[in-house]
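Below is one structure; the comments refer to it alone.
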Amino acid sequence: MIGIIFGPPGSGKGTQAARIEAEFHLAHLSTGEILRAEVARATEIGKEVARIMAAGDLVPDDLIVSIVRQRLPESEGGPGVLIDGFPRTIQQARALDEMLAQEGHRVDVVIALEVPESVLVDRILHRAAVEGRADDTREAIAERMHEYHKLTAAVLDHYRKQGVRVEVIDGVGDVDAVFERIRRSIGISSR
Ligand code: B4P
């Protein structure tokens with residue numbers, strides 16, 4: 001199964017992906033985590049993206065697509081993969097579709113988390129107090145929301161138009177309640 005977990009910043013993509021990974025043994029591919037690891041290790045890529053991410057902007061499509069192109073094959077071998085934080089633009093979605101098609105695969109399901117913006121901002125500011133992530137400042141949060149509406153939201157329509165199953169999930173409530181909604185909607189059974 002190839003799934004995408006989709007939603008605005010702070011909607012709980014990473015949080016729910018970790019739960020889905022643990023329970024259903026899907027490989028979890030998070031572009032945000034990969035980029036943060038590059039920044040932490042101060043690699044060439046890390047140096048290139050640190051300032052972009054801290055400002056709340058999306059990193060260039062070419063760069064993120066080449067990262068996913070490298071990492072996806074490792075994840076595709078197992079029972080399935082859950083892609084988190086990618087694609088975030090139509091160009092990225094087209095690149096992903098092409099990569100998958102080369103292996104005879106396609107996106108099977110998109111899990112789209114819906115959370116009102118006021119709740120998103122509260123969650124991210126709470127995380128800022130706990131973790132101090134560089135992009136969790138008020139200015140960067142505003143920019144991330146702007147980028148989401150300008151570039152990322154259209155990705156859902158891209159998949160709907162292709163007839164890919166899109167499951168819209170209410171992402172408000174505690175982590176367990178949201179996970180239960182996902183589990184019921186995608187109907188995958190625990191092993
Ligand atoms: P991401 O790492 O994807 O960051 P995010 O969208 O903020 O995270 P997410 O929605 O996963 O929120 P989380 O579960 O952590 O991207 C970071 C940056 O990387 C981007 O801004 C961009 O610069 C770059 N990037 C990544 N992918 C890219 C791409 N494809 N193209 C270009 N650039 C890219 O949850 C947020 C908080 O809410 C946490 O503190 C969590 O504990 C809390 N929370 C979660 N669920 C909750 C619940 N049910 N109730 C209460 N709190 C909850």
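Labels for the structure tokens follow display order: chains A, B, ..., residues from 1 in each chain, ligands from 1.
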Could you pull out the residues sitting within 6 Å of ligand 1, using only C-alpha atoms and all ligand atoms, and write them as a short mmCIF file (atom, residue, chain, number, x, y, z; two decimals) with N, CA and C atoms, in the first residue's frame?
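File produced: pocket-v3.cif:
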data_model
loop_
_atom_site.label_atom_id
_atom_site.label_comp_id
_atom_site.auth_asym_id
_atom_site.auth_seq_id
_atom_site.Cartn_x
_atom_site.Cartn_y
_atom_site.Cartn_z
N PRO A 8 -2.38 20.51 6.68
CA PRO A 8 -1.62 21.74 6.92
C PRO A 8 -0.58 21.55 8.01
N PRO A 9 0.34 22.49 8.14
CA PRO A 9 1.36 22.41 9.20
C PRO A 9 0.71 22.27 10.57
N GLY A 10 1.20 21.32 11.34
CA GLY A 10 0.68 21.15 12.69
C GLY A 10 -0.59 20.32 12.77
N SER A 11 -1.03 19.75 11.64
CA SER A 11 -2.29 19.00 11.66
C SER A 11 -2.11 17.62 12.28
N GLY A 12 -0.84 17.23 12.53
CA GLY A 12 -0.60 15.94 13.17
C GLY A 12 -0.16 14.87 12.20
N LYS A 13 0.35 15.26 11.03
CA LYS A 13 0.80 14.27 10.05
C LYS A 13 1.88 13.37 10.66
N GLY A 14 2.92 14.02 11.21
CA GLY A 14 4.02 13.25 11.79
C GLY A 14 3.56 12.42 12.97
N THR A 15 2.70 13.00 13.79
CA THR A 15 2.19 12.32 14.99
C THR A 15 1.40 11.07 14.60
N THR A 31 9.50 13.79 4.84
CA THR A 31 10.47 14.72 4.25
C THR A 31 10.91 15.77 5.28
N GLY A 32 10.00 16.18 6.16
CA GLY A 32 10.38 17.15 7.20
C GLY A 32 11.48 16.58 8.10
N GLU A 33 11.32 15.30 8.50
CA GLU A 33 12.33 14.67 9.36
C GLU A 33 13.66 14.53 8.64
N MET A 53 13.82 26.71 5.68
CA MET A 53 12.88 26.07 6.61
C MET A 53 12.57 26.98 7.79
N GLY A 56 9.94 29.29 7.20
CA GLY A 56 8.62 28.72 6.96
C GLY A 56 8.32 28.51 5.49
N ASP A 57 9.35 28.63 4.63
CA ASP A 57 9.14 28.45 3.19
C ASP A 57 9.35 26.99 2.81
N LEU A 58 8.84 26.63 1.64
CA LEU A 58 9.08 25.28 1.13
C LEU A 58 10.45 25.24 0.49
N VAL A 59 11.16 24.14 0.65
CA VAL A 59 12.45 24.00 -0.01
C VAL A 59 12.18 23.73 -1.50
N ILE A 64 13.86 18.42 -3.08
CA ILE A 64 13.08 17.47 -2.29
C ILE A 64 12.73 16.24 -3.14
N GLY A 85 4.36 14.57 4.48
CA GLY A 85 4.95 15.88 4.17
C GLY A 85 5.32 16.03 2.71
N PHE A 86 5.01 15.08 1.89
CA PHE A 86 5.32 15.07 0.47
C PHE A 86 4.20 14.32 -0.24
N PRO A 87 3.72 14.76 -1.39
CA PRO A 87 4.07 15.98 -2.12
C PRO A 87 3.38 17.23 -1.54
N ARG A 88 4.07 18.36 -1.64
CA ARG A 88 3.54 19.62 -1.13
C ARG A 88 3.27 20.62 -2.24
N ARG A 123 -1.36 24.55 18.58
CA ARG A 123 -0.54 23.34 18.70
C ARG A 123 0.94 23.66 18.42
N ILE A 124 1.16 24.42 17.36
CA ILE A 124 2.56 24.68 16.98
C ILE A 124 3.23 25.56 18.02
N ARG A 127 4.21 23.43 20.82
CA ARG A 127 5.43 22.68 20.51
C ARG A 127 6.66 23.60 20.61
N ARG A 144 4.19 29.44 6.77
CA ARG A 144 3.89 28.03 6.46
C ARG A 144 2.41 27.88 6.08
N VAL A 172 -9.20 17.06 14.82
CA VAL A 172 -9.35 17.71 16.13
C VAL A 172 -9.72 16.64 17.15
N GLY A 173 -9.11 16.75 18.33
CA GLY A 173 -9.37 15.76 19.37
C GLY A 173 -8.04 15.18 19.79
N ASP A 174 -8.08 14.24 20.77
CA ASP A 174 -6.77 13.76 21.21
C ASP A 174 -6.19 12.78 20.17
N VAL A 175 -4.90 12.49 20.33
CA VAL A 175 -4.17 11.72 19.33
C VAL A 175 -4.82 10.35 19.09
#
List every residue of region 65-88 of chain A that has an atom at most 10 Å from any atom of region 96-99 of chain A, giving for each one its closest atom pair and the distance in Å to one decimal, counting only C-alpha atoms, sorted by chain and then by ascending residue number, as CSV.
residue,atom,partner,partner_atom,distance
A:Val65,CA,A:Leu96,CA,7.7
A:Val68,CA,A:Leu96,CA,8.3
A:Arg69,CA,A:Met99,CA,7.1
A:Leu72,CA,A:Met99,CA,8.8
A:Pro73,CA,A:Met99,CA,9.6
A:Phe86,CA,A:Leu96,CA,8.7
A:Pro87,CA,A:Leu96,CA,7.3
Could you dump the residues just selected with N, CA and C atoms as an mmCIF file, in the first residue's frame?
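Contents of selection.cif, as written:
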data_model
loop_
_atom_site.group_PDB
_atom_site.id
_atom_site.type_symbol
_atom_site.label_atom_id
_atom_site.label_comp_id
_atom_site.auth_asym_id
_atom_site.auth_seq_id
_atom_site.Cartn_x
_atom_site.Cartn_y
_atom_site.Cartn_z
ATOM 1 N N VAL A 65 12.508 16.462 -4.421
ATOM 2 C CA VAL A 65 12.194 15.329 -5.305
ATOM 3 C C VAL A 65 13.409 14.396 -5.396
ATOM 4 N N VAL A 68 13.535 12.306 -2.231
ATOM 5 C CA VAL A 68 12.519 11.239 -2.210
ATOM 6 C C VAL A 68 12.889 10.141 -3.210
ATOM 7 N N ARG A 69 13.406 10.541 -4.349
ATOM 8 C CA ARG A 69 13.813 9.548 -5.359
ATOM 9 C C ARG A 69 14.852 8.575 -4.778
ATOM 10 N N LEU A 72 12.824 6.545 -1.508
ATOM 11 C CA LEU A 72 11.599 5.768 -1.704
ATOM 12 C C LEU A 72 11.845 4.275 -1.937
ATOM 13 N N PRO A 73 12.838 3.911 -2.770
ATOM 14 C CA PRO A 73 13.030 2.478 -3.034
ATOM 15 C C PRO A 73 13.251 1.649 -1.763
ATOM 16 N N PHE A 86 5.008 15.075 1.895
ATOM 17 C CA PHE A 86 5.321 15.067 0.465
ATOM 18 C C PHE A 86 4.204 14.323 -0.236
ATOM 19 N N PRO A 87 3.721 14.764 -1.395
ATOM 20 C CA PRO A 87 4.069 15.984 -2.116
ATOM 21 C C PRO A 87 3.382 17.227 -1.535
#
Residues within 6 Å of region 134-143 of chain A, only C-alpha atoms, excluding chain neighbours under 4 positions, as a VMD selection string: chain A and resid 54 to 56 128
Which of chain A fall in helix (DSSP H, G or I), as a ChimeraX atom specification: /A:13-24,31-40,44-54,61-76,90-102,117-131,138-152,154-161,175-186
All strand (DSSP E or B) residues (DSSP, backbone) inside region 16-86 of chain A, as a ChimeraX atom specification: /A:27-30,81-84
Rank nothing, just name the residue among A:Ala27, A:Ala50, A:Ala177, A:Ala37 nearest to Gly77 (chain A), using only C-alpha atoms. A:Ala27
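When only C-alpha atoms are used to compute distances to Ile169 (chain A), the closest of the residues A:Val115, A:Glu131, A:Arg71, A:Met1 turns out to be A:Val115.
Atom to atom, CA of Gly171 (chain A) and CA of Ile111 (chain A) stand 10.6 Å apart.
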Considering only C-alpha atoms, can you say which of A:His146, A:Arg184, A:His28, A:Arg94 comes closest to Gln16 (chain A)? A:His28
